[in-house]
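So the structure is just underneath, and the comments pick up after that.
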Amino acid sequence: MSNAGLMISVSGIRGRVGEGLTPELVSSYAAGFGAWARGTIVIGRDSRVSGPMFHRAVIAALQSVGCDVIDVGLAPTPTIQLAVEHHHAAGGLAITASHNPIEWNALKFIAPSGLFLSAAEGAEMRDATTRGIPRATWDCLGRVSSDDEAIARHIEAILALPYIDVPAIRRRAFHVALDCVRGAGATIMPALLERLGCRVDAINLETDGRFPHPPEPIAENLHDLERLVRATRADIGFAVDPDVDRLALVDETGSAIGEDYTLALAAGAVLRRQKGPVVTNLSTSRVVDDAAALAGVEVIRAPVGEVNVAIRMRDEHSPVGGEGNGGVIVKDLHLGRDAPAGAALVLQLLLDENQPLTRIVSRRPRYAIVKDKLDRPAGSLDSAYASLRTAFAGAGVDTADGIRFAWGDRWVHVRPSGTEPVVRVIAEAPTEAMARDLVERSRSYLLGQ
């Protein structure tokens with residue numbers, strides 16, 4: 001089984017369709033996962049054009065190793081994770097490349113706990129696959145059934161969270177603008193917002209995977225939503241990525257506030273009602289530290305990757321955590337990034353504060369964060385890291401995930417991406433000029449200049 005052109009990481013396997021990622025390769029990995037998991041497997045997909053093709057390949061592959069399949073169909077990734085837990089399945093497979101461009105697709109491997117496989121579990125699964133995949137005989141092939149209630153259960157679980165005052169939110173009757181980027185978000189976001197009594201103006205609800213703009217929910221990709229907020233005079237705008245695990249916000253003036261605020265605001269709603277540490281990754285803005293400080297709790301940082309944050313949350317008994325890319329994890333729901341839950345929590349915070357989003361944000365400290373990436377250089381990054389250590393002598397250093405340098409009021413994080421063949425360089429400082437200087441200095445060493 002050739003892995004040429006694939007990105008293999010803690011997140012699963014990703015590739016460009018027809019290049020690194022083919023039905024044959026997807027089938028091999030799905031069969032290997034099924035043989036390793038040994039039991040019933042839940043599967044689902046986002047709306048990507050290549051999704052139905054890979055969906056059929058995955059079902060056949062799982063049946064071929066004797067796994068029964070529970071198919072939730074087109075659904076958000078967090079819905080698939082919750083379905084794994086609900087059915088006490090041996091695992092799950094989400095067919096999605098999350099925020100990657102339209103030509104990509106991927107398999108995300110889910111453990112029986114509903115968490116994505118850890119690095120150790122992923123390595124064990126891939127090792128077992130390379131030793132040969134035992135196939136079932138004709139009389140032991142897996143069976144296929146459908147679960148048409150998975151999204152409805154997901155909505156009910158969010159509405160049952162102790163941090164969400166559903167009657168009060170319904171009375172407030174928020175006006176929400178929504179962009180689902182023609183992804184799986186249309187299967188859950190309008191229905192959830194309706195249950196919360198919101199008046200919704202939405203764009204890109206078609207689930208055909210033909211993304212009208214780059215699907216990553218970052219500020220430069222949200223101009224259509226910004227215009228919709230202004231045109232409809234909405235209280236807030238919500239944007240989700242194709243598999244609905246990331247949420248970005250647009251304020252009532254029609255300005256995207258930056259995806260780092262999503263976790264900070266959602267955490268604020270939780271921490272008003274339950275204290276405990278907030279777990280986030282090494283690339284997340286200090287706005288999360290400020291939200292935690294306001295509640296009198298600490299912030300614990302983990303390597304980038306949803307499963308790394310989720311495991312640390314479990315170990316630290318953290319009620320809320322996530323990542324600065326708009327990913328919110330609520331322990332009482334499930335240990336996975338969940339954009340619908342994030343949206344409900346942000347509405348709860350707007351209700352609690354009884355102020356528009358612009359005023360809530362303006363009362364908090366502001367930082368400039370610059371996120372950059374460059375093609376990953378050939379070979380090891382160790383020499384670049386060594387040069388950076390010399391250049392940034394005196395800074396605090398964290399090597400849990402790439403290398404991160406921190407000073408009292410600024411930081412820079414350099415790490416190879418697990419989802420794209422790039423190196424990410426993210427810096428935050430009191431001003432954009434300071435943050436950009438950290439990024440440019442880091443880039444110069446990565447490029448060997």
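The chains in the structure tokens are called A, B, ... from first to last as shown; in each chain the residues are counted from 1, and the ligands are counted from 1 in the order shown.
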Stretch 145-193 of chain A near stretch 228-245 of chain A within 10 Å: what's each residue's closest atom pair and its distance in Å to one decimal, counting only C-alpha atoms, ordered by chain then ascending residue number, as a Markdown table?
```
| residue | atom | partner | partner_atom | distance |
| --- | --- | --- | --- | --- |
| A:Ala173 | CA | A:Asp235 | CA | 9.9 |
| A:Phe174 | CA | A:Asp235 | CA | 6.4 |
| A:His175 | CA | A:Ala234 | CA | 4.9 |
| A:Val176 | CA | A:Ile236 | CA | 5.3 |
| A:Ala177 | CA | A:Gly237 | CA | 4.5 |
| A:Leu178 | CA | A:Phe238 | CA | 4.9 |
| A:Asp179 | CA | A:Ala239 | CA | 4.8 |
| A:Cys180 | CA | A:Val240 | CA | 5.6 |
| A:Val181 | CA | A:Pro242 | CA | 6.5 |
| A:Arg182 | CA | A:Pro242 | CA | 7.2 |
| A:Gly183 | CA | A:Pro242 | CA | 4.1 |
| A:Ala184 | CA | A:Asp243 | CA | 5.6 |
| A:Gly185 | CA | A:Val244 | CA | 5.5 |
| A:Ala186 | CA | A:Val244 | CA | 9.2 |
| A:Thr187 | CA | A:Val244 | CA | 9.8 |
| A:Ile188 | CA | A:Val244 | CA | 8.9 |
| A:Met189 | CA | A:Val244 | CA | 8.8 |
```
Okay, now the selection with C-alpha atoms, as a short mmCIF file (atom, residue, chain, number, x, y, z; two decimals), in the first residue's frame?
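Final output, again.cif:
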```cif
data_model
loop_
_atom_site.label_atom_id
_atom_site.label_comp_id
_atom_site.auth_asym_id
_atom_site.auth_seq_id
_atom_site.Cartn_x
_atom_site.Cartn_y
_atom_site.Cartn_z
CA ALA A 173 -34.95 35.70 19.78
CA PHE A 174 -31.51 36.43 18.33
CA HIS A 175 -31.23 37.34 14.66
CA VAL A 176 -28.44 35.17 13.21
CA ALA A 177 -26.71 35.22 9.84
CA LEU A 178 -25.26 31.86 8.82
CA ASP A 179 -22.79 30.56 6.22
CA CYS A 180 -22.56 26.77 5.90
CA VAL A 181 -20.15 26.90 2.89
CA ARG A 182 -22.26 24.21 1.11
CA GLY A 183 -20.96 21.69 3.62
CA ALA A 184 -22.50 19.41 6.24
CA GLY A 185 -23.42 22.38 8.43
CA ALA A 186 -26.74 22.74 6.64
CA THR A 187 -27.83 19.41 8.14
CA ILE A 188 -27.68 20.74 11.71
CA MET A 189 -27.10 24.48 12.12
#
```
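Excluding stretch 372-381 of chain A itself and same-chain residues fewer than 5 positions from it, the residues having an atom within 10 Å of it are Ala386, Gly402, Val414, Arg415, Pro416, Ser417, Glu420, Pro421, Val422, Val423, Arg424, Val425, Ile426, Ala427, Arg436, Val439, Glu440, Arg443, Tyr445, Leu446, Leu447 and Gly448 of chain A, counting only C-alpha atoms.
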Any chance you could list, as a tab-separated table (two decimals) with C-alpha atoms, in the first residue's frame, the residues in stretch 163-385 of chain A that come up strand (DSSP E or B) when DSSP is run on the backbone?
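What follows is the written file part-v6.tsv:
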```
chain	number	residue	atom	x	y	z
A	175	HIS	CA	-31.23	37.34	14.66
A	176	VAL	CA	-28.44	35.17	13.21
A	177	ALA	CA	-26.71	35.22	9.84
A	178	LEU	CA	-25.26	31.86	8.82
A	179	ASP	CA	-22.79	30.56	6.22
A	199	ARG	CA	-34.43	34.19	13.22
A	200	VAL	CA	-31.94	32.95	10.62
A	201	ASP	CA	-30.77	34.40	7.32
A	202	ALA	CA	-28.51	31.83	5.69
A	203	ILE	CA	-26.33	31.36	2.65
A	236	ILE	CA	-24.25	37.93	14.96
A	237	GLY	CA	-22.90	35.86	12.08
A	238	PHE	CA	-21.84	32.23	12.33
A	239	ALA	CA	-19.58	30.48	9.80
A	240	VAL	CA	-18.72	26.79	9.95
A	247	LEU	CA	-16.91	28.02	14.17
A	248	ALA	CA	-16.04	31.63	13.32
A	249	LEU	CA	-17.93	34.77	14.33
A	250	VAL	CA	-18.90	38.00	12.61
A	256	ALA	CA	-15.14	39.02	11.35
A	278	VAL	CA	-9.24	25.42	30.22
A	279	VAL	CA	-7.15	23.25	27.92
A	280	THR	CA	-6.04	24.61	24.56
A	281	ASN	CA	-3.16	24.15	22.15
A	299	VAL	CA	-4.95	27.52	31.12
A	300	ILE	CA	-3.16	24.28	30.24
A	301	ARG	CA	-1.55	24.01	26.80
A	302	ALA	CA	-1.24	20.84	24.73
A	320	VAL	CA	-14.19	23.32	28.37
A	321	GLY	CA	-11.29	23.58	25.95
A	322	GLY	CA	-10.45	23.52	22.31
A	323	GLU	CA	-8.28	25.18	19.71
A	327	GLY	CA	-12.82	24.55	17.69
A	328	VAL	CA	-14.78	24.33	20.97
A	329	ILE	CA	-14.82	21.17	23.10
A	330	VAL	CA	-17.38	20.80	25.90
A	334	HIS	CA	-18.26	14.90	24.14
A	368	ALA	CA	-2.42	41.04	17.09
A	369	ILE	CA	-2.04	37.48	15.85
A	370	VAL	CA	-0.40	36.69	12.52
A	371	LYS	CA	-0.83	33.22	11.01
A	372	ASP	CA	1.45	32.27	8.14
A	373	LYS	CA	2.60	29.12	6.38
A	374	LEU	CA	5.24	28.10	3.89
A	375	ASP	CA	5.96	24.96	1.92
```
task: Would you list the contacts of A:Val26 as a PyMOL selection string, taking every protein, DNA or RNA residue within 10 Å and counting only C-alpha atoms, but skipping same-chain residues closer than 3 positions in sequence?
output: chain A and resi 13-14+21-23+29-32+54-55+57-58+61+95+105-107
task: Would you kindly return, as a list in words, each protein, DNA or RNA residue with an atom no farther than 9 Å from any atom of A:His154, considering only C-alpha atoms and excluding same-chain residues fewer than 4 positions away?
output: Pro78, Thr79, Leu82, Ala83, Glu149, Ala150, Ile158, Leu159, Ile188 and Leu333 of chain A
The selected residues should be written to file as a short mmCIF file (atom, residue, chain, number, x, y, z; two decimals), in the first residue's frame (atoms: N, CA and C atoms).
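Full text of selection_35.cif as output:
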```cif
data_model
loop_
_atom_site.label_atom_id
_atom_site.label_comp_id
_atom_site.auth_asym_id
_atom_site.auth_seq_id
_atom_site.Cartn_x
_atom_site.Cartn_y
_atom_site.Cartn_z
N PRO A 78 -18.63 15.96 14.45
CA PRO A 78 -19.00 15.72 15.86
C PRO A 78 -20.23 14.83 16.01
N THR A 79 -21.15 14.87 15.05
CA THR A 79 -22.30 13.97 15.09
C THR A 79 -21.85 12.52 14.96
N LEU A 82 -20.34 11.42 18.27
CA LEU A 82 -21.38 11.13 19.25
C LEU A 82 -22.09 9.83 18.94
N ALA A 83 -22.27 9.52 17.65
CA ALA A 83 -22.93 8.26 17.27
C ALA A 83 -22.09 7.06 17.66
N GLU A 149 -31.23 9.15 13.01
CA GLU A 149 -31.54 10.02 14.14
C GLU A 149 -30.31 10.65 14.76
N ALA A 150 -29.14 10.42 14.17
CA ALA A 150 -27.90 10.89 14.80
C ALA A 150 -27.86 12.40 14.96
N ILE A 158 -27.03 18.97 22.83
CA ILE A 158 -26.59 20.36 23.01
C ILE A 158 -27.60 21.13 23.85
N LEU A 159 -28.87 20.98 23.53
CA LEU A 159 -29.92 21.71 24.24
C LEU A 159 -30.02 21.27 25.71
N ILE A 188 -27.48 20.59 10.27
CA ILE A 188 -27.68 20.74 11.71
C ILE A 188 -27.84 22.19 12.16
N LEU A 333 -20.59 17.30 26.78
CA LEU A 333 -21.21 16.86 25.53
C LEU A 333 -20.43 15.69 24.95
#
```
message: Quick one: residues within 10 Å of A:Pro365, only C-alpha atoms, excluding same-chain residues fewer than 6 positions away - as a VMD selection string?
response: chain A and resid 286 to 287 290 to 291 430
Save out the residues we just selected, C-alpha atoms, as a PDB file, in the first residue's frame.
```
ATOM      1  CA  ARG A 286      -3.937  34.782  24.786  1.00  0.00           C
ATOM      2  CA  VAL A 287      -7.595  35.825  24.606  1.00  0.00           C
ATOM      3  CA  ASP A 290      -7.832  36.297  29.613  1.00  0.00           C
ATOM      4  CA  ALA A 291     -11.184  34.471  29.672  1.00  0.00           C
ATOM      5  CA  PRO A 430       0.740  43.671  21.346  1.00  0.00           C
TER       6      PRO A 430
END
```
task: Using atom CA of A:Glu306 and atom CA of A:Arg48 as the two end points, give the distance in Å to one decimal.
output: 21.5 Å
Do you know which residues are at most 7 Å from A:Arg410 counting only C-alpha atoms, after dropping those on the same chain fewer than 4 positions away, and could you put them as a PDB file with C-alpha atoms, in the first residue's frame?
```
ATOM      1  CA  ALA A 406       7.310  32.875  24.608  1.00  0.00           C
ATOM      2  CA  GLU A 428       1.031  37.012  18.698  1.00  0.00           C
ATOM      3  CA  ALA A 429       2.137  40.328  20.154  1.00  0.00           C
TER       4      ALA A 429
END
```
message: Could you list, as a PyMOL selection string, every residue within 9 Å of A:Leu351, counting only C-alpha atoms and ignoring same-chain residues fewer than 3 positions away?
response: chain A and resi 168-169+172+346-348+354-355
Go ahead and save the residues from that selection, with N, CA and C atoms, as a PDB file, in the first residue's frame.
```
ATOM      1  N   ALA A 168     -34.566  30.999  27.960  1.00  0.00           N
ATOM      2  CA  ALA A 168     -34.130  32.397  27.973  1.00  0.00           C
ATOM      3  C   ALA A 168     -33.576  32.815  26.615  1.00  0.00           C
ATOM      4  N   ILE A 169     -32.825  31.928  25.971  1.00  0.00           N
ATOM      5  CA  ILE A 169     -32.316  32.246  24.634  1.00  0.00           C
ATOM      6  C   ILE A 169     -33.470  32.390  23.654  1.00  0.00           C
ATOM      7  N   ARG A 172     -35.098  35.710  23.954  1.00  0.00           N
ATOM      8  CA  ARG A 172     -34.267  36.795  23.398  1.00  0.00           C
ATOM      9  C   ARG A 172     -34.404  36.878  21.873  1.00  0.00           C
ATOM     10  N   VAL A 346     -22.017  30.654  22.525  1.00  0.00           N
ATOM     11  CA  VAL A 346     -21.816  32.074  22.216  1.00  0.00           C
ATOM     12  C   VAL A 346     -23.131  32.833  22.370  1.00  0.00           C
ATOM     13  N   LEU A 347     -24.244  32.250  21.928  1.00  0.00           N
ATOM     14  CA  LEU A 347     -25.543  32.894  22.146  1.00  0.00           C
ATOM     15  C   LEU A 347     -25.835  33.039  23.640  1.00  0.00           C
ATOM     16  N   GLN A 348     -25.459  32.011  24.411  1.00  0.00           N
ATOM     17  CA  GLN A 348     -25.659  32.094  25.862  1.00  0.00           C
ATOM     18  C   GLN A 348     -24.841  33.247  26.452  1.00  0.00           C
ATOM     19  N   ASN A 354     -25.750  40.607  27.885  1.00  0.00           N
ATOM     20  CA  ASN A 354     -26.778  41.566  27.456  1.00  0.00           C
ATOM     21  C   ASN A 354     -26.159  42.776  26.764  1.00  0.00           C
ATOM     22  N   GLN A 355     -25.174  42.503  25.927  1.00  0.00           N
ATOM     23  CA  GLN A 355     -24.505  43.535  25.161  1.00  0.00           C
ATOM     24  C   GLN A 355     -24.164  42.987  23.785  1.00  0.00           C
TER      25      GLN A 355
END
```
task: Considering only C-alpha atoms, state which residue in the set A:Pro214, A:Gln274, A:Ala339, A:Arg227 is at the smallest distance from A:Glu259.
output: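 Checking each of A:Pro214, A:Gln274, A:Ala339, A:Arg227 against A:Glu259, counting only C-alpha atoms, the winner is A:Ala339.
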message: Given only C-alpha atoms as the basis, pick out the residue of A:Ser145, A:Thr390, A:Thr431, A:Ser113 nearest to A:Ile311.
response: A:Ser113
- request: Name the residues of stretch 111-183 of chain A that come out as alpha helix (DSSP H) in a backbone DSSP run; write them as an MDAnalysis selection string.
  value: chainID A and resid 119:130 150:159 166:172
Mind writing the picked residues with N, CA and C atoms as a compact mmCIF listing (two decimals), in the first residue's frame?
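File produced: selection35.txt:
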```txt
# COMPACT_ATOMS: atom_id res chain seq x y z
N ALA A 119 -1.93 9.24 18.80
CA ALA A 119 -0.78 8.93 17.95
C ALA A 119 -0.36 7.47 18.11
N ALA A 120 -0.39 6.98 19.34
CA ALA A 120 0.01 5.59 19.59
C ALA A 120 -0.99 4.62 18.97
N GLU A 121 -2.29 4.91 19.13
CA GLU A 121 -3.31 4.03 18.54
C GLU A 121 -3.23 4.04 17.02
N GLY A 122 -3.00 5.23 16.45
CA GLY A 122 -2.89 5.32 15.00
C GLY A 122 -1.72 4.52 14.47
N ALA A 123 -0.58 4.61 15.17
CA ALA A 123 0.60 3.85 14.75
C ALA A 123 0.35 2.36 14.86
N GLU A 124 -0.33 1.94 15.92
CA GLU A 124 -0.64 0.52 16.10
C GLU A 124 -1.56 0.02 14.99
N MET A 125 -2.57 0.83 14.65
CA MET A 125 -3.51 0.45 13.60
C MET A 125 -2.80 0.33 12.25
N ARG A 126 -1.96 1.31 11.93
CA ARG A 126 -1.25 1.27 10.64
C ARG A 126 -0.26 0.11 10.59
N ASP A 127 0.36 -0.19 11.72
CA ASP A 127 1.30 -1.32 11.76
C ASP A 127 0.56 -2.63 11.53
N ALA A 128 -0.61 -2.77 12.15
CA ALA A 128 -1.40 -3.99 11.95
C ALA A 128 -1.82 -4.13 10.49
N THR A 129 -2.11 -3.00 9.84
CA THR A 129 -2.53 -3.02 8.45
C THR A 129 -1.42 -3.52 7.53
N THR A 130 -0.19 -3.11 7.82
CA THR A 130 0.93 -3.51 6.96
C THR A 130 1.23 -5.00 7.07
N ALA A 150 -29.14 10.42 14.17
CA ALA A 150 -27.90 10.89 14.80
C ALA A 150 -27.86 12.40 14.96
N ILE A 151 -28.27 13.15 13.94
CA ILE A 151 -28.24 14.61 14.03
C ILE A 151 -29.26 15.11 15.04
N ALA A 152 -30.44 14.51 15.06
CA ALA A 152 -31.46 14.91 16.04
C ALA A 152 -30.96 14.68 17.47
N ARG A 153 -30.29 13.55 17.69
CA ARG A 153 -29.74 13.29 19.04
C ARG A 153 -28.67 14.32 19.39
N HIS A 154 -27.87 14.69 18.42
CA HIS A 154 -26.82 15.69 18.64
C HIS A 154 -27.44 17.01 19.09
N ILE A 155 -28.48 17.43 18.40
CA ILE A 155 -29.15 18.68 18.77
C ILE A 155 -29.72 18.59 20.18
N GLU A 156 -30.37 17.48 20.49
CA GLU A 156 -30.96 17.33 21.83
C GLU A 156 -29.88 17.35 22.90
N ALA A 157 -28.73 16.76 22.63
CA ALA A 157 -27.64 16.74 23.61
C ALA A 157 -27.11 18.15 23.87
N ILE A 158 -27.03 18.97 22.83
CA ILE A 158 -26.59 20.36 23.01
C ILE A 158 -27.60 21.13 23.85
N LEU A 159 -28.87 20.98 23.53
CA LEU A 159 -29.92 21.71 24.24
C LEU A 159 -30.02 21.27 25.71
N VAL A 166 -32.12 27.34 27.47
CA VAL A 166 -32.86 27.35 26.22
C VAL A 166 -34.06 28.30 26.26
N PRO A 167 -34.91 28.25 27.30
CA PRO A 167 -36.06 29.17 27.31
C PRO A 167 -35.63 30.63 27.26
N ALA A 168 -34.57 31.00 27.96
CA ALA A 168 -34.13 32.40 27.97
C ALA A 168 -33.58 32.82 26.61
N ILE A 169 -32.82 31.93 25.97
CA ILE A 169 -32.32 32.25 24.63
C ILE A 169 -33.47 32.39 23.65
N ARG A 170 -34.45 31.52 23.77
CA ARG A 170 -35.61 31.60 22.87
C ARG A 170 -36.35 32.93 23.07
N ARG A 171 -36.48 33.36 24.32
CA ARG A 171 -37.17 34.63 24.56
C ARG A 171 -36.40 35.80 23.95
N ARG A 172 -35.10 35.71 23.95
CA ARG A 172 -34.27 36.80 23.40
C ARG A 172 -34.40 36.88 21.87
```
task: Tell me, in Å to one decimal, how far atom CA of A:Lys275 is from atom CA of A:His317.
output: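 Interatomic distance here is 10.2 Å.
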